[in-house]
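Engineer: This is upload.cif, which holds mmCIF, C-alpha atoms:
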data_input
loop_
_atom_site.label_atom_id
_atom_site.label_comp_id
_atom_site.auth_asym_id
_atom_site.auth_seq_id
_atom_site.Cartn_x
_atom_site.Cartn_y
_atom_site.Cartn_z
CA MET C 1 -15.21 4.78 36.24
CA PRO C 2 -18.03 5.54 33.76
CA ASN C 3 -20.23 2.77 32.40
CA PRO C 4 -18.49 1.47 29.23
CA VAL C 5 -21.77 0.17 27.77
CA GLY C 6 -23.35 3.56 28.29
CA ILE C 7 -20.40 5.33 26.65
CA MET C 8 -20.59 2.99 23.65
CA ASP C 9 -24.32 3.59 23.27
CA TYR C 10 -24.26 7.36 23.72
CA GLU C 11 -21.05 8.09 21.83
CA ARG C 12 -21.31 5.65 18.91
CA GLY C 13 -24.69 3.94 19.12
CA GLN C 14 -26.77 6.14 16.81
CA ASN C 15 -25.27 6.62 13.37
CA ALA C 16 -25.64 5.44 9.79
CA ASN C 17 -23.39 5.16 6.74
CA LYS C 18 -24.40 4.99 3.09
CA ASN C 19 -21.97 4.14 0.30
CA HIS C 20 -22.57 4.00 -3.44
CA ASN C 21 -19.99 2.81 -5.98
CA ILE C 22 -19.98 2.49 -9.76
CA TYR C 23 -17.21 0.73 -11.71
CA GLY C 24 -16.84 0.74 -15.46
CA ASN C 25 -14.42 -0.59 -18.02
CA PHE C 26 -14.34 0.03 -21.78
CA TYR C 27 -11.88 -1.27 -24.34
CA PHE C 28 -11.35 -1.95 -28.01
CA VAL C 29 -8.85 -4.05 -29.96
CA ILE C 30 -7.54 -3.34 -33.45
CA GLN C 31 -5.55 -5.86 -35.48
CA PRO C 32 -4.07 -4.03 -38.50
CA ILE C 33 -2.04 -7.08 -39.60
CA LYS C 34 -1.89 -10.70 -38.51
CA ASP C 35 -0.71 -11.17 -34.90
CA LEU C 36 -0.27 -7.42 -34.34
CA LYS C 37 -2.83 -6.06 -31.88
CA PHE C 38 -3.46 -2.62 -30.45
CA ARG C 39 -5.61 -2.53 -27.32
CA SER C 40 -6.95 0.58 -25.59
CA ASN C 41 -8.62 0.29 -22.20
CA PHE C 42 -10.33 2.94 -20.07
CA GLY C 43 -11.67 2.21 -16.61
CA PHE C 44 -13.21 4.38 -13.94
CA ASN C 45 -14.65 4.18 -10.46
CA ALA C 46 -17.07 6.71 -8.99
CA SER C 47 -18.29 6.76 -5.42
CA ALA C 48 -20.55 8.78 -3.14
CA TRP C 49 -21.09 8.46 0.57
CA SER C 50 -22.94 10.04 3.44
CA TYR C 51 -22.84 9.76 7.21
CA ARG C 52 -24.98 11.17 9.96
CA ALA C 53 -24.98 10.67 13.72
CA TYR C 54 -26.86 11.77 16.79
CA LYS C 55 -25.26 12.06 20.22
CA PRO C 56 -27.76 12.67 23.04
CA GLU C 57 -27.24 14.69 26.17
CA PHE C 58 -25.83 12.48 28.93
CA ASP C 59 -23.94 12.55 32.22
CA LEU C 60 -22.01 9.43 33.22
CA GLY C 61 -19.64 11.14 35.59
CA PRO C 62 -17.19 14.04 35.71
CA ILE C 63 -15.03 12.73 32.85
CA SER C 64 -17.79 11.42 30.57
CA MET C 65 -20.60 13.83 29.85
CA ASN C 66 -22.25 15.67 26.98
CA PRO C 67 -24.20 18.73 28.18
CA GLU C 68 -25.88 19.35 24.78
CA ASP C 69 -27.06 16.85 22.22
CA GLU C 70 -25.24 16.92 18.87
CA VAL C 71 -26.09 16.27 15.23
CA ARG C 72 -23.36 15.54 12.67
CA GLN C 73 -23.60 15.11 8.90
CA ASN C 74 -20.83 14.24 6.43
CA SER C 75 -20.98 13.60 2.69
CA GLY C 76 -18.59 13.34 -0.22
CA ASN C 77 -17.82 11.88 -3.59
CA GLY C 78 -14.82 10.41 -5.31
CA LEU C 79 -13.63 9.66 -8.82
CA GLY C 80 -10.65 7.83 -10.26
CA TRP C 81 -9.69 6.52 -13.68
CA THR C 82 -7.09 4.50 -15.55
CA PHE C 83 -6.18 4.69 -19.23
CA GLU C 84 -3.94 1.99 -20.74
CA ASN C 85 -2.73 1.43 -24.29
CA THR C 86 -0.70 -1.58 -25.44
CA LEU C 87 0.71 -2.87 -28.69
CA SER C 88 1.52 -6.60 -28.87
CA TYR C 89 3.01 -8.81 -31.56
CA ILE C 90 3.44 -12.60 -31.69
CA PHE C 91 5.82 -14.14 -34.21
CA LYS C 92 7.85 -17.28 -34.80
CA ILE C 93 11.29 -18.06 -36.23
CA ASN C 94 11.71 -21.48 -37.86
CA THR C 95 8.49 -22.68 -36.15
CA ASP C 96 10.45 -23.61 -33.01
CA HIS C 97 11.17 -20.16 -31.60
CA THR C 98 8.08 -18.23 -30.45
CA PHE C 99 8.27 -14.59 -29.39
CA ASP C 100 5.53 -12.54 -27.75
CA ALA C 101 6.43 -8.83 -27.46
CA LEU C 102 4.43 -6.02 -25.85
CA ILE C 103 4.96 -2.32 -25.24
CA GLY C 104 2.55 0.07 -23.58
CA THR C 105 1.76 3.06 -21.47
CA SER C 106 -0.61 3.59 -18.59
CA ALA C 107 -1.96 6.64 -16.76
CA GLU C 108 -3.88 6.63 -13.50
CA ARG C 109 -5.56 9.38 -11.47
CA TRP C 110 -7.30 9.17 -8.12
CA GLY C 111 -8.78 11.46 -5.48
CA LEU C 112 -10.85 13.51 -7.94
CA GLY C 113 -13.59 14.29 -5.46
CA GLU C 114 -14.54 16.41 -2.48
CA SER C 115 -16.17 16.12 0.91
CA MET C 116 -18.06 18.29 3.41
CA SER C 117 -18.98 17.87 7.05
CA GLY C 118 -21.00 19.79 9.61
CA LYS C 119 -22.00 19.63 13.25
CA ASN C 120 -24.46 21.56 15.42
CA VAL C 121 -26.10 21.21 18.83
CA ASN C 122 -29.66 21.45 20.17
CA SER C 123 -31.64 19.06 17.98
CA VAL C 124 -35.27 20.13 17.59
CA PHE C 125 -36.58 16.55 17.71
CA GLY C 126 -33.96 14.93 19.95
CA ASP C 127 -33.70 11.61 18.15
CA PHE C 128 -31.66 9.89 15.45
CA ASN C 129 -34.46 9.60 12.88
CA HIS C 130 -34.53 13.40 12.54
CA ALA C 131 -30.79 13.93 12.98
CA PHE C 132 -30.21 16.40 10.14
CA LEU C 133 -28.52 19.77 10.37
CA ASP C 134 -31.72 21.53 9.24
CA ASN C 135 -33.38 20.17 12.37
CA THR C 136 -31.08 21.97 14.80
CA ALA C 137 -31.58 25.33 16.45
CA LEU C 138 -29.12 28.12 15.66
CA LEU C 139 -28.50 29.30 19.21
CA ASP C 140 -24.72 29.82 19.29
CA ILE C 141 -22.71 30.17 16.09
CA ALA C 142 -19.50 29.34 17.99
CA LYS C 143 -20.78 25.77 18.45
CA ILE C 144 -21.29 25.15 14.74
CA GLU C 145 -18.56 23.23 12.91
CA LEU C 146 -18.31 23.30 9.12
CA SER C 147 -15.55 21.98 6.88
CA GLY C 148 -14.98 21.09 3.27
CA LYS C 149 -11.96 19.87 1.32
CA PRO C 150 -10.95 18.30 -1.99
CA GLY C 151 -9.95 14.67 -2.29
CA GLY C 152 -6.34 13.56 -1.97
CA ARG C 153 -5.47 13.90 -5.63
CA GLY C 154 -2.60 12.01 -7.19
CA GLY C 155 -1.52 10.05 -10.23
CA ILE C 156 0.97 7.71 -11.87
CA LEU C 157 2.28 7.66 -15.43
CA SER C 158 3.94 4.43 -16.59
CA TYR C 159 5.79 3.07 -19.62
CA PHE C 160 6.51 -0.64 -19.92
CA GLY C 161 7.68 -3.36 -22.23
CA ARG C 162 7.80 -7.16 -22.14
CA ILE C 163 9.09 -9.97 -24.33
CA ASN C 164 8.41 -13.69 -23.85
CA TYR C 165 10.45 -16.43 -25.51
CA ASN C 166 9.45 -20.08 -25.87
CA TYR C 167 11.43 -22.85 -27.53
CA GLN C 168 9.28 -25.97 -28.07
CA GLU C 169 7.75 -25.61 -24.58
CA LYS C 170 11.16 -26.64 -23.30
CA TYR C 171 13.07 -23.40 -22.67
CA MET C 172 11.21 -20.26 -21.67
CA GLY C 173 12.25 -16.76 -20.74
CA THR C 174 10.72 -13.37 -20.01
CA VAL C 175 12.22 -9.90 -19.81
CA VAL C 176 10.22 -6.96 -18.46
CA PHE C 177 11.11 -3.33 -18.00
CA ARG C 178 8.90 -0.57 -16.68
CA THR C 179 9.30 2.98 -15.49
CA ASP C 180 6.78 4.78 -13.28
CA GLY C 181 6.42 8.45 -12.38
CA SER C 182 4.47 9.29 -9.23
CA SER C 183 3.01 12.62 -8.15
CA ASN C 184 3.89 11.71 -4.55
CA PHE C 185 7.54 12.66 -5.11
CA ALA C 186 9.34 15.83 -6.16
CA LYS C 187 10.39 16.23 -9.79
CA GLY C 188 13.96 15.10 -9.28
CA ASN C 189 12.84 11.86 -7.56
CA ARG C 190 9.55 11.21 -9.32
CA TRP C 191 10.60 8.37 -11.63
CA GLY C 192 11.49 4.81 -10.69
CA TYR C 193 12.90 2.11 -12.99
CA PHE C 194 12.04 -1.54 -12.42
CA PRO C 195 13.44 -4.38 -14.56
CA SER C 196 12.85 -8.12 -14.18
CA VAL C 197 13.90 -11.36 -15.87
CA SER C 198 12.78 -14.97 -15.51
CA ALA C 199 13.66 -18.32 -17.09
CA GLY C 200 12.25 -21.83 -17.06
CA TRP C 201 13.47 -25.24 -18.18
CA VAL C 202 11.06 -28.17 -18.59
CA MET C 203 13.51 -31.03 -18.07
CA THR C 204 11.00 -33.78 -18.79
CA HIS C 205 10.94 -32.67 -22.44
CA GLU C 206 14.59 -33.60 -22.78
CA GLU C 207 15.57 -36.89 -24.37
CA PHE C 208 17.84 -37.87 -21.48
CA MET C 209 14.80 -37.84 -19.16
CA GLU C 210 12.93 -40.58 -21.06
CA THR C 211 13.87 -43.21 -18.51
CA THR C 212 11.98 -41.33 -15.79
CA ARG C 213 8.67 -40.93 -17.63
CA GLU C 214 7.14 -44.02 -16.07
CA TRP C 215 7.03 -42.34 -12.66
CA MET C 216 7.74 -38.65 -13.35
CA ASP C 217 5.23 -36.78 -15.51
CA PHE C 218 6.63 -33.28 -15.31
CA LEU C 219 9.68 -31.45 -13.96
CA LYS C 220 10.36 -27.76 -14.43
CA LEU C 221 13.17 -25.67 -13.00
CA ARG C 222 12.65 -21.91 -12.80
CA ALA C 223 14.50 -18.81 -11.70
CA SER C 224 13.56 -15.15 -11.58
CA TRP C 225 14.94 -11.81 -10.53
CA GLY C 226 13.02 -8.55 -10.50
CA GLN C 227 12.31 -5.21 -8.92
CA ASN C 228 9.11 -3.37 -8.15
CA GLY C 229 8.34 -0.08 -6.46
CA ASN C 230 6.14 1.31 -3.72
CA GLN C 231 4.92 4.92 -3.65
CA SER C 232 2.05 4.53 -1.15
CA ILE C 233 2.55 7.59 1.04
CA ASP C 234 0.56 10.75 1.68
CA ALA C 235 0.75 13.36 -1.05
CA PHE C 236 3.04 16.41 -0.93
CA GLN C 237 5.59 15.01 1.51
CA TYR C 238 8.23 17.04 -0.35
CA LEU C 239 6.51 20.37 0.40
CA THR C 240 5.61 22.39 3.46
CA THR C 241 1.82 22.37 3.27
CA ILE C 242 -0.14 25.05 5.11
CA SER C 243 -3.10 24.43 7.41
CA PHE C 244 -5.76 26.80 8.71
CA LYS C 245 -7.29 24.33 11.14
CA GLU C 246 -7.65 25.61 14.72
CA SER C 247 -5.41 28.57 13.96
CA GLU C 248 -7.62 31.44 15.15
CA TYR C 249 -6.13 34.06 17.44
CA PHE C 250 -7.11 37.46 18.82
CA ILE C 251 -5.54 40.83 18.08
CA GLY C 252 -6.19 43.52 20.64
CA THR C 253 -9.60 42.54 22.04
CA LYS C 254 -11.51 39.28 22.18
CA ASP C 255 -13.88 40.58 19.52
CA ASN C 256 -11.11 40.89 16.94
CA LYS C 257 -10.54 37.24 15.99
CA VAL C 258 -8.22 36.54 13.05
CA VAL C 259 -7.73 33.28 11.16
CA GLY C 260 -4.06 32.31 10.99
CA ALA C 261 -2.04 29.68 9.17
CA TYR C 262 0.86 27.40 10.01
CA PRO C 263 3.00 24.73 8.31
CA ASP C 264 1.50 21.36 9.21
CA ILE C 265 4.40 19.22 7.95
CA LEU C 266 8.16 19.53 7.60
CA PRO C 267 9.28 18.93 3.99
CA ASN C 268 11.45 16.09 2.76
CA PRO C 269 12.33 16.90 -0.88
CA ASP C 270 14.58 13.81 -1.06
CA VAL C 271 11.90 11.18 -0.44
CA THR C 272 11.67 8.73 -3.34
CA TRP C 273 10.52 5.26 -4.38
CA GLU C 274 10.83 2.27 -2.11
CA THR C 275 12.33 -0.55 -4.20
CA SER C 276 11.87 -4.27 -3.59
CA GLU C 277 14.28 -6.68 -5.28
CA GLN C 278 13.45 -10.37 -5.23
CA ILE C 279 15.33 -13.50 -6.30
CA ASP C 280 13.36 -16.74 -6.59
CA LEU C 281 14.62 -20.26 -7.40
CA GLY C 282 12.15 -23.07 -7.60
CA LEU C 283 10.88 -26.24 -9.20
CA ASP C 284 7.53 -27.81 -10.06
CA ALA C 285 7.08 -31.55 -10.42
CA ARG C 286 4.31 -34.09 -10.91
CA PHE C 287 4.57 -37.85 -10.32
CA LEU C 288 2.53 -41.02 -10.69
CA ASN C 289 0.15 -39.86 -13.42
CA SER C 290 -0.01 -36.40 -11.82
CA ARG C 291 -1.51 -37.71 -8.62
CA LEU C 292 1.43 -36.37 -6.61
CA SER C 293 2.58 -32.79 -7.22
CA LEU C 294 5.39 -30.84 -5.62
CA ALA C 295 6.32 -27.16 -5.65
CA PHE C 296 9.44 -25.76 -4.00
CA ASP C 297 10.68 -22.15 -3.77
CA TRP C 298 13.66 -20.44 -2.23
CA TYR C 299 13.42 -16.66 -2.21
CA LYS C 300 15.20 -13.58 -0.99
CA LYS C 301 13.47 -10.22 -1.04
CA THR C 302 15.45 -7.06 -0.26
CA THR C 303 13.48 -3.87 0.31
CA ARG C 304 15.63 -0.76 -0.09
CA ASP C 305 14.78 2.84 0.86
CA TRP C 306 11.97 1.66 3.11
CA LEU C 307 9.20 4.29 3.27
CA VAL C 308 8.34 5.04 6.91
CA PRO C 309 6.98 8.13 8.70
CA ALA C 310 9.72 9.82 10.70
CA PRO C 311 8.87 10.24 14.40
CA ILE C 312 9.12 13.77 15.76
CA LEU C 313 8.98 15.45 19.14
CA ALA C 314 5.81 17.37 19.96
CA SER C 315 7.95 20.46 20.59
CA TYR C 316 8.43 20.84 16.84
CA GLY C 317 4.82 21.96 16.60
CA THR C 318 4.11 20.14 13.36
CA ARG C 319 4.15 16.73 11.68
CA ALA C 320 7.10 14.88 10.19
CA PRO C 321 7.14 13.55 6.62
CA TYR C 322 7.84 10.11 5.25
CA ILE C 323 11.50 9.22 4.79
CA ASN C 324 13.48 6.46 3.12
CA GLY C 325 14.38 4.87 6.42
CA GLY C 326 16.47 1.78 5.70
CA ASP C 327 16.63 -1.71 4.21
CA VAL C 328 14.79 -4.92 5.09
CA VAL C 329 15.58 -8.48 3.96
CA ASN C 330 13.06 -11.34 3.85
CA LYS C 331 14.28 -14.77 2.86
CA GLY C 332 12.99 -18.26 3.23
CA ILE C 333 11.67 -21.42 1.64
CA GLU C 334 8.22 -22.74 0.74
CA LEU C 335 7.34 -26.37 0.05
CA SER C 336 3.96 -27.70 -1.05
CA LEU C 337 2.95 -31.33 -1.54
CA ASN C 338 -0.40 -32.34 -2.99
CA TRP C 339 -1.96 -35.76 -3.55
CA ASN C 340 -5.03 -36.11 -5.78
CA ASP C 341 -6.69 -39.46 -6.30
CA ARG C 342 -9.96 -41.20 -6.96
CA VAL C 343 -11.41 -44.40 -5.58
CA GLU C 344 -14.36 -45.37 -7.78
CA ASP C 345 -16.79 -42.43 -7.37
CA PHE C 346 -14.92 -40.94 -4.42
CA THR C 347 -12.44 -38.14 -5.22
CA TYR C 348 -10.13 -36.72 -2.58
CA SER C 349 -7.03 -34.59 -2.22
CA VAL C 350 -4.51 -34.01 0.57
CA THR C 351 -2.22 -30.96 0.75
CA ALA C 352 0.75 -30.30 3.03
CA ASN C 353 2.63 -27.01 3.22
CA LEU C 354 5.91 -26.10 4.87
CA SER C 355 7.39 -22.62 5.00
CA HIS C 356 10.18 -20.83 6.80
CA ASN C 357 10.82 -17.09 6.68
CA LYS C 358 13.43 -14.84 8.24
CA ASN C 359 12.87 -11.09 8.39
CA GLU C 360 15.81 -8.82 9.20
CA ILE C 361 16.32 -5.07 9.22
CA THR C 362 19.79 -4.74 7.70
CA ARG C 363 20.20 -0.97 7.58
CA ILE C 364 18.83 1.97 9.52
CA ALA C 365 19.42 5.28 7.74
CA ASN C 366 21.00 7.22 10.58
CA ASN C 367 24.45 7.63 12.06
CA GLU C 368 23.84 5.21 14.92
CA GLY C 369 22.31 2.45 12.82
CA ILE C 370 19.97 1.39 15.63
CA ILE C 371 16.30 1.67 16.51
CA ARG C 372 15.30 3.53 19.65
CA SER C 373 12.03 3.16 21.50
CA GLU C 374 9.64 5.97 22.31
CA VAL C 375 8.87 4.42 25.70
CA ASN C 376 10.21 6.83 28.33
CA LEU C 377 10.87 4.33 31.11
CA ASN C 378 13.94 3.10 32.95
CA TYR C 379 13.97 -0.24 31.15
CA GLY C 380 17.50 -1.45 30.58
CA GLU C 381 18.91 0.19 33.70
CA GLU C 382 19.92 -1.81 36.71
CA GLY C 383 16.89 -3.47 38.25
CA PHE C 384 14.72 -2.76 35.19
CA PRO C 385 15.23 -5.51 32.60
CA ARG C 386 14.16 -4.53 29.08
CA PRO C 387 11.09 -6.52 28.01
CA ARG C 388 10.84 -7.88 24.48
CA SER C 389 7.54 -6.06 23.96
CA VAL C 390 9.32 -2.72 24.21
CA ILE C 391 11.78 -3.75 21.51
CA ARG C 392 8.95 -4.90 19.28
CA SER C 393 7.10 -1.62 19.77
CA ALA C 394 10.27 0.21 18.83
CA ILE C 395 10.54 -1.67 15.55
CA SER C 396 6.93 -0.97 14.61
CA GLY C 397 6.51 2.50 16.00
CA ASP C 398 9.74 4.45 16.35
CA ILE C 399 11.80 3.76 13.29
CA LYS C 400 14.14 6.61 12.82
CA GLN C 401 14.05 9.37 15.34
CA ARG C 402 17.68 10.36 14.74
CA VAL C 403 17.40 10.17 10.98
CA PHE C 404 14.97 13.06 11.13
CA SER C 405 17.87 15.37 11.90
CA ARG C 406 19.05 14.66 8.36
CA ILE C 407 15.81 16.14 7.01
CA THR C 408 15.76 19.21 9.19
CA LYS C 409 19.33 20.07 8.23
CA ARG C 410 18.18 20.35 4.62
CA SER C 411 15.20 22.52 5.46
CA LYS C 412 15.75 26.19 4.67
CA THR C 413 13.32 27.36 7.33
CA ILE C 414 14.03 25.17 10.33
CA LYS C 415 17.51 24.77 11.76
CA MET C 416 17.25 22.19 14.47
CA ARG C 417 18.90 18.97 15.48
CA MET C 418 17.08 16.00 16.88
CA ASP C 419 20.14 14.90 18.86
CA ARG C 420 20.07 17.88 21.23
#
Kindly return the structure encoded in the file as structure tokens.
Structural biologist:
Amino acid sequence: MPNPVGIMDYERGQNANKNHNIYGNFYFVIQPIKDLKFRSNFGFNASAWSYRAYKPEFDLGPISMNPEDEVRQNSGNGLGWTFENTLSYIFKINTDHTFDALIGTSAERWGLGESMSGKNVNSVFGDFNHAFLDNTALLDIAKIELSGKPGGRGGILSYFGRINYNYQEKYMGTVVFRTDGSSNFAKGNRWGYFPSVSAGWVMTHEEFMETTREWMDFLKLRASWGQNGNQSIDAFQYLTTISFKESEYFIGTKDNKVVGAYPDILPNPDVTWETSEQIDLGLDARFLNSRLSLAFDWYKKTTRDWLVPAPILASYGTRAPYINGGDVVNKGIELSLNWNDRVEDFTYSVTANLSHNKNEITRIANNEGIIRSEVNLNYGEEGFPRPRSVIRSAISGDIKQRVFSRITKRSKTIKMRMDR
């Protein structure tokens, strides 16, 4: 057993990172007529980073050794931007009905950068302070590693609208609709549509609540329903991307080395937005000159077309894409009580919170409708009781092995079945 402290020091003990970031935001507002405003906003973030490391020659045993010292250098830069334009208008009808309307569009790009990395052996100085690629001896070109690649480019284009309604601070409502197009999905599945509505009723502004004003300062009932989307997956899951990494082979003699290529992911042209739909019912109240406040919420959140990476057997020779793997429901309650008071010059507050949540996977997008574990043991057979940890690992790690057969059936180049 090699010395773990020695491994930590030799393998990862001599390195340095540098990161530089710049953020900027510019906007202007134009008001052509009263209460009508046009706002344009442009923001950007630029970054640059570098990394270098030195790994000395060491021998801590037959399974932990480094016969030649190594020098590694990495560097890169990144750029992203957002551009948003909105038009808003506030107006009233009969002084009691207030409307606040907004429409807009937004565009976002990220991954507009590149990176490079290199590694060589035989440092001239043999220390971290001089660990730069220029300070290594070119003895064997086969031991030099060089790579460079662009950033993971992507973008979103959005259109949205919102209208707020307020009647004498007593009845309130909001309607929102937005549509988003993501570069992470194929053209037929690129756009998602996400509406939402909410309403509130301040009961303490009603005349029939006057008898409670001595001990109740505020009571508001509220309800909301809405959808939002998730597109946070690796780019180009709907295509078969090609890799040249570690693909060299020889034709004829060992001196005739050729660089090859291979598909590094199976395509899933049907992958699309994950959609979360949430219902929320709640109330807010304040009592005793606002010293005691209460907030209560009941919610149910249903996530449909859950985005998960499909597991795949190593015999496929490539990676599996993300899939829309099923549905998940979260529901529960939240209760918060807060007491604020003052005794002469001493101010204090006490807060108590209570919450209960239930999480349930309600649908698995395969024929069996179950989750199987990757663990290749005899758990579950006679004499081998199945531990709960295995089931938990199955939920987090092996969601959807059988569903992957659905993807491969649609592939024009690979005709396989996961069930075999």
Engineer: Which one of C:Val124, C:Leu239, C:Ile163, C:Val29 sits closest to Ala137 of chain C if you count only C-alpha atoms?
Structural biologist: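 Smallest separation from Ala137 of chain C among the options: C:Val124.
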Engineer: C:Tyr23, C:Phe160, C:Tyr299, C:Phe346: which is nearest Val329 of chain C, counting all atoms listed in the file?
Structural biologist: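 Using all atoms listed in the file, the shortest distance to Val329 of chain C belongs to C:Tyr299.
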Engineer: What is the atom CA of Ser115 of chain C to atom CA of Pro263 of chain C distance in Å?
Structural biologist: 22.3 Å
Engineer: Just how far from atom CA of Gly226 of chain C is atom CA of Asn338 of chain C, in Å to one decimal?
Structural biologist: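 Between these atoms lies a distance of 28.3 Å.
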Engineer: Counting only C-alpha atoms, figure out which residue out of C:Trp81, C:Phe185, C:Phe194, C:Phe91 gets nearest to Glu277 of chain C.
Structural biologist: C:Phe194
Engineer: Could you work out how far atom CA of Tyr159 of chain C lies from atom CA of Phe26 of chain C, giving the answer in Å with one decimal?
Structural biologist: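 Value for the atom CA of Phe26 of chain C-atom CA of Tyr159 of chain C distance: 20.5 Å.
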Engineer: I'd like the neighbourhood of Gly113 of chain C as a list in words, where a residue qualifies if any of its atoms comes within 7 Å (using all atoms listed in the file), though same-chain residues fewer than 5 positions away should be ignored.
Structural biologist: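 In the requested format, the answer is Asn77, Gly78, Leu79, Pro150 and Gly151 of chain C.
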Engineer: Determine the residue set returned by the PyMOL selection byres ((chain C and resi 51) around 12) for the present structure, and present it as a list in words.
Structural biologist: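 Residues picked by the PyMOL selection byres ((chain C and resi 51) around 12): Gln14, Asn15, Ala16, Asn17, Lys18, Asn19, Ala48, Trp49, Ser50, Arg52, Ala53, Tyr54, Val71, Arg72, Gln73, Asn74, Ser75, Gly76, Ser115, Met116, Ser117, Gly118, Lys119, Ala131, Phe132 and Leu133 of chain C.
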Engineer: Please enumerate the residues selected by the PyMOL selection byres ((chain C and resi 85) around 9) when evaluated against the supplied file, formatted as a ChimeraX atom specification.
Structural biologist: /C:38-42,83-84,86-87,103-106
Engineer: Export segment 168-206 of chain C, C-alpha atoms, as a PDB file, in the first residue's frame; it's the structure right above.
Structural biologist:
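Result file follows (part.pdb):
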ATOM      1  CA  GLN C 168     -57.121  48.947  -4.648  1.00  0.00           C
ATOM      2  CA  GLU C 169     -54.349  46.747  -3.196  1.00  0.00           C
ATOM      3  CA  LYS C 170     -57.115  44.258  -2.474  1.00  0.00           C
ATOM      4  CA  TYR C 171     -57.238  41.925  -5.485  1.00  0.00           C
ATOM      5  CA  MET C 172     -54.084  41.190  -7.454  1.00  0.00           C
ATOM      6  CA  GLY C 173     -53.261  38.975 -10.388  1.00  0.00           C
ATOM      7  CA  THR C 174     -50.400  38.235 -12.767  1.00  0.00           C
ATOM      8  CA  VAL C 175     -50.264  36.395 -16.072  1.00  0.00           C
ATOM      9  CA  VAL C 176     -46.937  35.499 -17.686  1.00  0.00           C
ATOM     10  CA  PHE C 177     -46.119  33.709 -20.892  1.00  0.00           C
ATOM     11  CA  ARG C 178     -42.699  32.992 -22.328  1.00  0.00           C
ATOM     12  CA  THR C 179     -41.221  30.861 -25.053  1.00  0.00           C
ATOM     13  CA  ASP C 180     -37.564  29.819 -25.200  1.00  0.00           C
ATOM     14  CA  GLY C 181     -35.518  28.285 -27.995  1.00  0.00           C
ATOM     15  CA  SER C 182     -32.336  26.440 -27.016  1.00  0.00           C
ATOM     16  CA  SER C 183     -29.431  25.391 -29.207  1.00  0.00           C
ATOM     17  CA  ASN C 184     -29.118  22.224 -27.100  1.00  0.00           C
ATOM     18  CA  PHE C 185     -32.036  20.609 -28.942  1.00  0.00           C
ATOM     19  CA  ALA C 186     -32.743  19.733 -32.561  1.00  0.00           C
ATOM     20  CA  LYS C 187     -34.876  22.092 -34.652  1.00  0.00           C
ATOM     21  CA  GLY C 188     -38.109  20.189 -34.192  1.00  0.00           C
ATOM     22  CA  ASN C 189     -37.737  20.189 -30.378  1.00  0.00           C
ATOM     23  CA  ARG C 190     -35.908  23.460 -29.838  1.00  0.00           C
ATOM     24  CA  TRP C 191     -38.769  25.599 -28.500  1.00  0.00           C
ATOM     25  CA  GLY C 192     -40.509  25.331 -25.149  1.00  0.00           C
ATOM     26  CA  TYR C 193     -43.618  27.237 -24.016  1.00  0.00           C
ATOM     27  CA  PHE C 194     -44.065  28.168 -20.360  1.00  0.00           C
ATOM     28  CA  PRO C 195     -47.155  29.992 -19.034  1.00  0.00           C
ATOM     29  CA  SER C 196     -47.937  30.967 -15.440  1.00  0.00           C
ATOM     30  CA  VAL C 197     -50.709  32.698 -13.502  1.00  0.00           C
ATOM     31  CA  SER C 198     -51.013  33.925  -9.918  1.00  0.00           C
ATOM     32  CA  ALA C 199     -53.634  35.679  -7.797  1.00  0.00           C
ATOM     33  CA  GLY C 200     -53.785  37.287  -4.380  1.00  0.00           C
ATOM     34  CA  TRP C 201     -56.539  38.512  -2.081  1.00  0.00           C
ATOM     35  CA  VAL C 202     -55.799  40.835   0.850  1.00  0.00           C
ATOM     36  CA  MET C 203     -58.741  39.945   3.075  1.00  0.00           C
ATOM     37  CA  THR C 204     -57.961  42.523   5.747  1.00  0.00           C
ATOM     38  CA  HIS C 205     -58.892  45.264   3.263  1.00  0.00           C
ATOM     39  CA  GLU C 206     -62.453  43.969   3.174  1.00  0.00           C
TER      40      GLU C 206
END
